[in-house]
>>> print(open('upload-v5.pdb').read())   # PDB, C-alpha atoms, pLDDT in the B column
MODEL        1
ATOM      1  CA  MET A   6      17.355 -17.630  27.270  1.00 39.00           C
ATOM      2  CA  ALA A   7      15.847 -16.425  24.022  1.00 42.00           C
ATOM      3  CA  ARG A   8      13.326 -13.624  24.118  1.00 47.00           C
ATOM      4  CA  PRO A   9       9.841 -14.523  22.913  1.00 49.00           C
ATOM      5  CA  LEU A  10       8.930 -13.073  19.552  1.00 52.00           C
ATOM      6  CA  LYS A  11       6.167 -10.512  19.298  1.00 58.00           C
ATOM      7  CA  ASN A  12       2.942 -12.359  18.871  1.00 73.00           C
ATOM      8  CA  ASP A  13       0.476 -11.919  16.047  1.00 82.00           C
ATOM      9  CA  THR A  14      -1.985 -10.159  18.337  1.00 88.00           C
ATOM     10  CA  THR A  15       0.496  -7.378  19.037  1.00 89.00           C
ATOM     11  CA  GLU A  16       1.179  -6.960  15.333  1.00 92.00           C
ATOM     12  CA  GLN A  17      -2.560  -6.832  14.633  1.00 95.00           C
ATOM     13  CA  LYS A  18      -2.911  -4.142  17.286  1.00 95.00           C
ATOM     14  CA  ARG A  19      -0.083  -2.153  15.685  1.00 96.00           C
ATOM     15  CA  THR A  20      -1.803  -2.379  12.309  1.00 96.00           C
ATOM     16  CA  HIS A  21      -5.104  -1.293  13.830  1.00 97.00           C
ATOM     17  CA  LEU A  22      -3.316   1.572  15.592  1.00 98.00           C
ATOM     18  CA  ILE A  23      -1.982   2.846  12.268  1.00 98.00           C
ATOM     19  CA  TYR A  24      -5.502   2.681  10.851  1.00 98.00           C
ATOM     20  CA  LEU A  25      -6.977   4.600  13.811  1.00 98.00           C
ATOM     21  CA  LYS A  26      -4.293   7.288  13.573  1.00 98.00           C
ATOM     22  CA  LYS A  27      -5.072   7.769   9.892  1.00 98.00           C
ATOM     23  CA  GLN A  28      -8.773   8.108  10.665  1.00 98.00           C
ATOM     24  CA  HIS A  29      -7.913  10.627  13.390  1.00 98.00           C
ATOM     25  CA  ARG A  30      -5.864  12.734  10.925  1.00 98.00           C
ATOM     26  CA  ASP A  31      -8.618  12.491   8.320  1.00 98.00           C
ATOM     27  CA  LEU A  32     -11.175  13.721  10.843  1.00 97.00           C
ATOM     28  CA  ASP A  33      -8.889  16.603  11.764  1.00 96.00           C
ATOM     29  CA  ASN A  34      -8.734  17.591   8.096  1.00 97.00           C
ATOM     30  CA  GLY A  35     -12.504  17.224   7.867  1.00 97.00           C
ATOM     31  CA  ILE A  36     -13.013  19.539  10.833  1.00 97.00           C
ATOM     32  CA  ILE A  37     -10.739  22.158   9.285  1.00 97.00           C
ATOM     33  CA  THR A  38     -12.625  21.906   5.999  1.00 97.00           C
ATOM     34  CA  ALA A  39     -15.970  22.139   7.811  1.00 96.00           C
ATOM     35  CA  TYR A  40     -14.860  25.346   9.544  1.00 94.00           C
ATOM     36  CA  LYS A  41     -13.703  26.850   6.261  1.00 96.00           C
ATOM     37  CA  ARG A  42     -17.074  26.052   4.682  1.00 97.00           C
ATOM     38  CA  HIS A  43     -19.008  27.435   7.675  1.00 97.00           C
ATOM     39  CA  THR A  44     -20.673  24.090   8.316  1.00 96.00           C
ATOM     40  CA  GLU A  45     -23.341  23.825  11.009  1.00 97.00           C
ATOM     41  CA  ASP A  46     -22.002  23.667  14.543  1.00 96.00           C
ATOM     42  CA  THR A  47     -23.766  20.374  15.235  1.00 97.00           C
ATOM     43  CA  ILE A  48     -21.959  18.684  12.376  1.00 96.00           C
ATOM     44  CA  VAL A  49     -18.594  20.068  13.511  1.00 97.00           C
ATOM     45  CA  SER A  50     -19.380  18.960  17.075  1.00 97.00           C
ATOM     46  CA  ASN A  51     -20.140  15.438  15.866  1.00 97.00           C
ATOM     47  CA  LEU A  52     -16.835  15.328  13.990  1.00 97.00           C
ATOM     48  CA  LYS A  53     -15.013  16.495  17.114  1.00 97.00           C
ATOM     49  CA  LEU A  54     -16.726  13.833  19.215  1.00 98.00           C
ATOM     50  CA  LYS A  55     -15.696  11.142  16.748  1.00 98.00           C
ATOM     51  CA  LYS A  56     -12.145  12.486  16.825  1.00 98.00           C
ATOM     52  CA  LEU A  57     -12.137  12.413  20.637  1.00 98.00           C
ATOM     53  CA  TYR A  58     -13.443   8.844  20.645  1.00 98.00           C
ATOM     54  CA  LEU A  59     -10.682   7.823  18.237  1.00 98.00           C
ATOM     55  CA  LYS A  60      -8.071   9.517  20.410  1.00 98.00           C
ATOM     56  CA  GLU A  61      -9.286   7.542  23.416  1.00 98.00           C
ATOM     57  CA  GLU A  62      -9.112   4.308  21.418  1.00 98.00           C
ATOM     58  CA  ILE A  63      -5.608   5.200  20.188  1.00 98.00           C
ATOM     59  CA  THR A  64      -4.395   5.869  23.728  1.00 98.00           C
ATOM     60  CA  LYS A  65      -5.914   2.628  25.013  1.00 97.00           C
ATOM     61  CA  LEU A  66      -4.334   0.618  22.212  1.00 97.00           C
ATOM     62  CA  GLU A  67      -0.937   2.281  22.670  1.00 97.00           C
ATOM     63  CA  ASP A  68      -1.050   1.385  26.368  1.00 96.00           C
ATOM     64  CA  GLU A  69      -1.916  -2.237  25.573  1.00 94.00           C
ATOM     65  CA  ILE A  70       0.925  -2.515  23.063  1.00 94.00           C
ATOM     66  CA  PHE A  71       3.367  -0.935  25.510  1.00 93.00           C
ATOM     67  CA  ASP A  72       2.316  -3.331  28.279  1.00 91.00           C
ATOM     68  CA  GLU A  73       2.716  -6.324  25.961  1.00 88.00           C
ATOM     69  CA  GLU A  74       6.174  -5.204  24.870  1.00 84.00           C
ATOM     70  CA  ILE A  75       7.272  -4.764  28.479  1.00 83.00           C
ATOM     71  CA  TYR A  76       5.957  -8.251  29.268  1.00 77.00           C
ATOM     72  CA  LEU A  77       7.776  -9.758  26.288  1.00 72.00           C
ATOM     73  CA  GLU A  78      11.066  -8.130  27.337  1.00 73.00           C
ATOM     74  CA  LYS A  79      11.027  -9.901  30.701  1.00 65.00           C
TER      75      LYS A  79
ENDMDL
END
>>> encode(input="upload-v5.pdb", output="structure tokens")
Amino acid sequence: MARPLKNDTTEQKRTHLIYLKKQHRDLDNGIITAYKRHTEDTIVSNLKLKKLYLKEEITKLEDEIFDEEIYLEK
């Protein structure tokens, strides 16, 4: 029996995952720059919170993609 092909939704999630990871890296660079420029702690804290939120979204999306791939392999 032929395996089902990955659906468009999974591919869209992969594309979104790449986008989120880039945003996460960009925020990391922004935090480093903010520290070097002695930016206010509240601004740095906000950047860190955004980075944490992105990390949670990345993890959730990775789990969804993994679950879909396992399902498609069956």
>>> closest_residue(input="upload-v5.pdb", among="A:Asp72, A:Asp46, A:Glu78, A:Glu62", to="Leu22 of chain A", atoms="all atoms listed in the file")
A:Glu62
>>> atom_distance(input="upload-v5.pdb", atom1="atom CA of Glu45 of chain A", atom2="atom CA of Glu61 of chain A")
24.8 Å
>>> closest_residue(input="upload-v5.pdb", among="A:Tyr24, A:Lys18, A:Ser50, A:Asp13", to="Glu69 of chain A", atoms="only C-alpha atoms")
A:Lys18
>>> resolve_selection(input="upload-v5.pdb", expression="the PyMOL selection byres ((chain A and resi 49) around 12)", output="JSON, numbers by chain")
{"A": [32, 33, 34, 35, 36, 37, 38, 39, 40, 41, 42, 43, 44, 45, 46, 47, 48, 50, 51, 52, 53, 54, 55, 56]}
>>> atom_distance(input="upload-v5.pdb", atom1="atom CA of Ile70 of chain A", atom2="atom CA of Thr14 of chain A")
9.4 Å
>>> closest_residue(input="upload-v5.pdb", among="A:Gln28, A:Gln17, A:Asn12, A:Ile23", to="Leu59 of chain A", atoms="all atoms listed in the file")
A:Gln28
>>> axis_aligned_box(input="upload-v5.pdb", around="segment 29-37 of chain A", padding_each_side="8 Å", output="lines of an AutoDock Vina configuration file")
center_x = -9.4
center_y = 16.4
center_z = 10.6
size_x = 23.1
size_y = 27.5
size_z = 21.5
